[in-house]
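S.K.: Quick one: structure below, then a few questions.
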Amino acid sequence: MNSSTKYKIASKIARKLYNRAYAEGYRKSDDEISKSEIWQKMSALLEEITGNFQYPVVALDLGCGSGRYFSCLKNTRLLDGIDISAEMLEKAKNPISKEKITIGKINLIEADFFEYSFDKKYDFIYSIGVLGEHFPFDEIVMEKIAKIIKQGGVLLFTTVDPEYRIKSLKRKIAQFIYSISFGKLKEYLGFRLKNYFAADAKDIREILSKFNFEIIKLAKIGQKTYPHYFCLAKKL
């Protein structure tokens, strides 16, 4: 499968998933999510990262959704929040903890990250709960990120650990069928299984190294049944 086809299918699936009903439910869940330990840790980390810059930063939230993390950023003069779903961006106009947001200006961009032409470079880029889940994490994604982040800029992202996906019997059967299939069936199963999306620790290290990023921290986080990798890196 060529890369353009892969991304077009991923974008089509994401647009269909994030409809008005989904956006409503997602926004309602923000209040509960904000009480969780993992959100609290991520919030503190975002505040620390942006606060450590010696100047007000320009940041990008890749797959910003309902603006769940807007209130966590400090020392930020401009934030671009990009998302493929107009319904999710509508919710981002009234995000959780809106009264705590200190960002100078927020731009909400309805666009496909793979197709959008950015007109600036960023001091800080973060993407939480998107890569390896709804969009691939691979060299093409990192190549684009590398082009729009400043030298010395900071990148924070999560991506799904592919190992969790092979634990159930149903999935193991599907995985076996995928391994012996070809053509359209293999493409369909690959997307249903999200085999084209995830990356393990070795993949992450290799991809980041190729685009001149230094990994500050790489760790596995989240529930045992649905683990993610967390990565913090700096553009050299």
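Naming scheme: A, B, ... for chains in displayed order of the structure tokens; residues 1 onward per chain; ligands 1 onward as shown.
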For A:Thr50, please output as a PyMOL selection string all residues within 12 Å (counting only C-alpha atoms; exclusion window: fewer than 5 positions along the same chain).
M.R.: chain A and resi 43-45+55-60+70-79+102-103+123-126+153-156
S.K.: Using N, CA and C atoms, can you export the residues from the last selection as a PDB file, in the first residue's frame?
M.R.:
ATOM      1  N   SER A  43      -0.865  16.947  32.555  1.00  0.00           N
ATOM      2  CA  SER A  43      -1.104  18.370  32.752  1.00  0.00           C
ATOM      3  C   SER A  43       0.112  19.045  33.383  1.00  0.00           C
ATOM      4  N   ALA A  44       0.648  18.415  34.428  1.00  0.00           N
ATOM      5  CA  ALA A  44       1.816  18.969  35.119  1.00  0.00           C
ATOM      6  C   ALA A  44       3.026  19.022  34.190  1.00  0.00           C
ATOM      7  N   LEU A  45       3.161  18.001  33.349  1.00  0.00           N
ATOM      8  CA  LEU A  45       4.295  17.958  32.426  1.00  0.00           C
ATOM      9  C   LEU A  45       4.188  19.052  31.365  1.00  0.00           C
ATOM     10  N   TYR A  55      11.181  32.162  26.931  1.00  0.00           N
ATOM     11  CA  TYR A  55      10.392  33.157  26.201  1.00  0.00           C
ATOM     12  C   TYR A  55       9.010  32.563  25.933  1.00  0.00           C
ATOM     13  N   PRO A  56       8.005  33.389  25.648  1.00  0.00           N
ATOM     14  CA  PRO A  56       6.669  32.875  25.320  1.00  0.00           C
ATOM     15  C   PRO A  56       6.710  32.048  24.035  1.00  0.00           C
ATOM     16  N   VAL A  57       6.152  30.861  24.067  1.00  0.00           N
ATOM     17  CA  VAL A  57       6.312  29.919  22.963  1.00  0.00           C
ATOM     18  C   VAL A  57       5.152  29.940  21.978  1.00  0.00           C
ATOM     19  N   VAL A  58       5.451  29.419  20.797  1.00  0.00           N
ATOM     20  CA  VAL A  58       4.437  29.130  19.781  1.00  0.00           C
ATOM     21  C   VAL A  58       4.303  27.609  19.750  1.00  0.00           C
ATOM     22  N   ALA A  59       3.083  27.120  19.971  1.00  0.00           N
ATOM     23  CA  ALA A  59       2.876  25.683  20.139  1.00  0.00           C
ATOM     24  C   ALA A  59       1.844  25.141  19.152  1.00  0.00           C
ATOM     25  N   LEU A  60       1.938  23.843  18.915  1.00  0.00           N
ATOM     26  CA  LEU A  60       0.981  23.130  18.061  1.00  0.00           C
ATOM     27  C   LEU A  60       0.433  21.936  18.814  1.00  0.00           C
ATOM     28  N   PHE A  70      -5.660  22.463  26.652  1.00  0.00           N
ATOM     29  CA  PHE A  70      -5.365  23.883  26.457  1.00  0.00           C
ATOM     30  C   PHE A  70      -5.004  24.590  27.762  1.00  0.00           C
ATOM     31  N   SER A  71      -5.703  24.250  28.822  1.00  0.00           N
ATOM     32  CA  SER A  71      -5.498  24.947  30.101  1.00  0.00           C
ATOM     33  C   SER A  71      -4.173  24.576  30.763  1.00  0.00           C
ATOM     34  N   CYS A  72      -3.499  23.545  30.247  1.00  0.00           N
ATOM     35  CA  CYS A  72      -2.259  23.069  30.859  1.00  0.00           C
ATOM     36  C   CYS A  72      -1.037  23.852  30.379  1.00  0.00           C
ATOM     37  N   LEU A  73      -1.178  24.556  29.257  1.00  0.00           N
ATOM     38  CA  LEU A  73      -0.030  25.258  28.693  1.00  0.00           C
ATOM     39  C   LEU A  73       0.165  26.613  29.371  1.00  0.00           C
ATOM     40  N   LYS A  74       1.394  26.892  29.725  1.00  0.00           N
ATOM     41  CA  LYS A  74       1.772  28.177  30.304  1.00  0.00           C
ATOM     42  C   LYS A  74       2.795  28.847  29.388  1.00  0.00           C
ATOM     43  N   ASN A  75       3.028  30.122  29.612  1.00  0.00           N
ATOM     44  CA  ASN A  75       4.074  30.831  28.881  1.00  0.00           C
ATOM     45  C   ASN A  75       3.927  30.626  27.373  1.00  0.00           C
ATOM     46  N   THR A  76       2.683  30.630  26.887  1.00  0.00           N
ATOM     47  CA  THR A  76       2.402  30.356  25.480  1.00  0.00           C
ATOM     48  C   THR A  76       1.693  31.553  24.856  1.00  0.00           C
ATOM     49  N   ARG A  77       2.323  32.146  23.848  1.00  0.00           N
ATOM     50  CA  ARG A  77       1.702  33.314  23.224  1.00  0.00           C
ATOM     51  C   ARG A  77       0.765  32.935  22.090  1.00  0.00           C
ATOM     52  N   LEU A  78       1.010  31.776  21.475  1.00  0.00           N
ATOM     53  CA  LEU A  78       0.158  31.339  20.374  1.00  0.00           C
ATOM     54  C   LEU A  78       0.076  29.816  20.355  1.00  0.00           C
ATOM     55  N   LEU A  79      -1.136  29.300  20.220  1.00  0.00           N
ATOM     56  CA  LEU A  79      -1.357  27.859  20.080  1.00  0.00           C
ATOM     57  C   LEU A  79      -2.199  27.611  18.850  1.00  0.00           C
ATOM     58  N   THR A 102      -4.312  30.494  29.819  1.00  0.00           N
ATOM     59  CA  THR A 102      -3.508  31.718  29.810  1.00  0.00           C
ATOM     60  C   THR A 102      -2.848  31.969  28.455  1.00  0.00           C
ATOM     61  N   ILE A 103      -3.168  31.167  27.483  1.00  0.00           N
ATOM     62  CA  ILE A 103      -2.583  31.296  26.143  1.00  0.00           C
ATOM     63  C   ILE A 103      -3.001  32.633  25.524  1.00  0.00           C
ATOM     64  N   ASP A 123       7.891  26.127  18.604  1.00  0.00           N
ATOM     65  CA  ASP A 123       8.804  25.846  19.705  1.00  0.00           C
ATOM     66  C   ASP A 123       8.444  24.530  20.380  1.00  0.00           C
ATOM     67  N   PHE A 124       7.151  24.217  20.386  1.00  0.00           N
ATOM     68  CA  PHE A 124       6.659  23.044  21.108  1.00  0.00           C
ATOM     69  C   PHE A 124       5.513  22.419  20.325  1.00  0.00           C
ATOM     70  N   ILE A 125       5.615  21.121  20.084  1.00  0.00           N
ATOM     71  CA  ILE A 125       4.552  20.356  19.434  1.00  0.00           C
ATOM     72  C   ILE A 125       4.181  19.190  20.337  1.00  0.00           C
ATOM     73  N   TYR A 126       2.898  19.006  20.554  1.00  0.00           N
ATOM     74  CA  TYR A 126       2.465  17.848  21.339  1.00  0.00           C
ATOM     75  C   TYR A 126       1.259  17.186  20.684  1.00  0.00           C
ATOM     76  N   GLY A 153      13.543  22.885  19.536  1.00  0.00           N
ATOM     77  CA  GLY A 153      12.141  22.738  19.909  1.00  0.00           C
ATOM     78  C   GLY A 153      11.874  21.413  20.608  1.00  0.00           C
ATOM     79  N   VAL A 154      10.776  21.360  21.338  1.00  0.00           N
ATOM     80  CA  VAL A 154      10.429  20.182  22.130  1.00  0.00           C
ATOM     81  C   VAL A 154       9.208  19.486  21.525  1.00  0.00           C
ATOM     82  N   LEU A 155       9.273  18.165  21.464  1.00  0.00           N
ATOM     83  CA  LEU A 155       8.188  17.335  20.953  1.00  0.00           C
ATOM     84  C   LEU A 155       7.744  16.371  22.040  1.00  0.00           C
ATOM     85  N   LEU A 156       6.446  16.315  22.292  1.00  0.00           N
ATOM     86  CA  LEU A 156       5.874  15.366  23.241  1.00  0.00           C
ATOM     87  C   LEU A 156       4.731  14.639  22.544  1.00  0.00           C
TER      88      LEU A 156
END
S.K.: Near A:Ala92, within 7 Å and counting only C-alpha atoms, which residues show up once chain neighbours fewer than 2 positions away are dropped, as a ChimeraX atom specification?
M.R.: /A:65-67,88-90,94-95
S.K.: So that I can check the surroundings of A:Thr158, please list as a list of chain:residue names every protein, DNA and RNA residue that reaches within 9 Å of it, counting only C-alpha atoms and ignoring chain neighbours fewer than 6 positions away.
M.R.: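 In the requested form, the answer reads A:Tyr126, A:Ser127, A:Ile128, A:Gly129, A:Val130, A:Leu131, A:Gly132, A:Ile221, A:His228, A:Tyr229, A:Phe230, A:Cys231, A:Leu232.
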S.K.: Please produce a file of those selected residues containing C-alpha atoms, as a CSV table (one decimal), in the first residue's frame.
M.R.:
chain,number,residue,atom,x,y,z
A,126,TYR,CA,2.5,17.8,21.3
A,127,SER,CA,0.1,15.1,20.3
A,128,ILE,CA,-1.7,13.0,22.9
A,129,GLY,CA,-4.0,10.0,22.2
A,130,VAL,CA,-3.7,10.5,18.4
A,131,LEU,CA,-0.7,8.8,16.8
A,132,GLY,CA,-0.8,5.1,16.5
A,221,ILE,CA,2.2,4.4,30.3
A,228,HIS,CA,0.8,3.6,25.2
A,229,TYR,CA,4.4,4.8,24.7
A,230,PHE,CA,5.1,8.3,26.0
A,231,CYS,CA,7.9,10.1,24.3
A,232,LEU,CA,9.6,13.5,25.1
S.K.: Using only C-alpha atoms, can you tell me which of A:Glu48, A:Asp80, A:Glu110, A:Glu87 comes closest to A:Arg27?
M.R.: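 The answer is A:Glu87, which sits nearest to A:Arg27.
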S.K.: Write out as a PyMOL selection string all residues of stretch 36-222 of chain A that DSSP puts in alpha helix (DSSP H) for this structure's backbone.
M.R.: chain A and resi 37-52+86-92+139-148+169-180+183-193+201-210
S.K.: Mind giving me the straight-line distance from atom CA of A:Lys121 to atom CA of A:Ile149 in Å, one decimal?
M.R.: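 So the answer is 5.1 Å.
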S.K.: Smallest atom-to-atom distance to A:Lys8: which of A:Ile106, A:Ile84, A:Leu46, A:Ala146, using only C-alpha atoms?
M.R.: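 Nearest candidate to A:Lys8 out of A:Ile106, A:Ile84, A:Leu46, A:Ala146: A:Ile84.
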S.K.: Please compute the atom CA of A:Glu24-atom CA of A:His134 distance, one decimal, in Å.
M.R.: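 These two atoms are separated by 18.3 Å.
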S.K.: Using DSSP on the backbone coordinates, identify the residues of stretch 13-235 of chain A assigned to strand (DSSP E or B); present them as number ranges by chain.
M.R.: A: 57-62, 76-83, 105-110, 122-127, 131, 135, 149-160, 213-221, 228-235
S.K.: Give me the residues near A:Glu214 as a PyMOL selection string, where near means some atom within 8 Å (using only C-alpha atoms) and where sequence neighbours in that chain fewer than 4 positions away do not count.
M.R.: chain A and resi 208-209+233-236
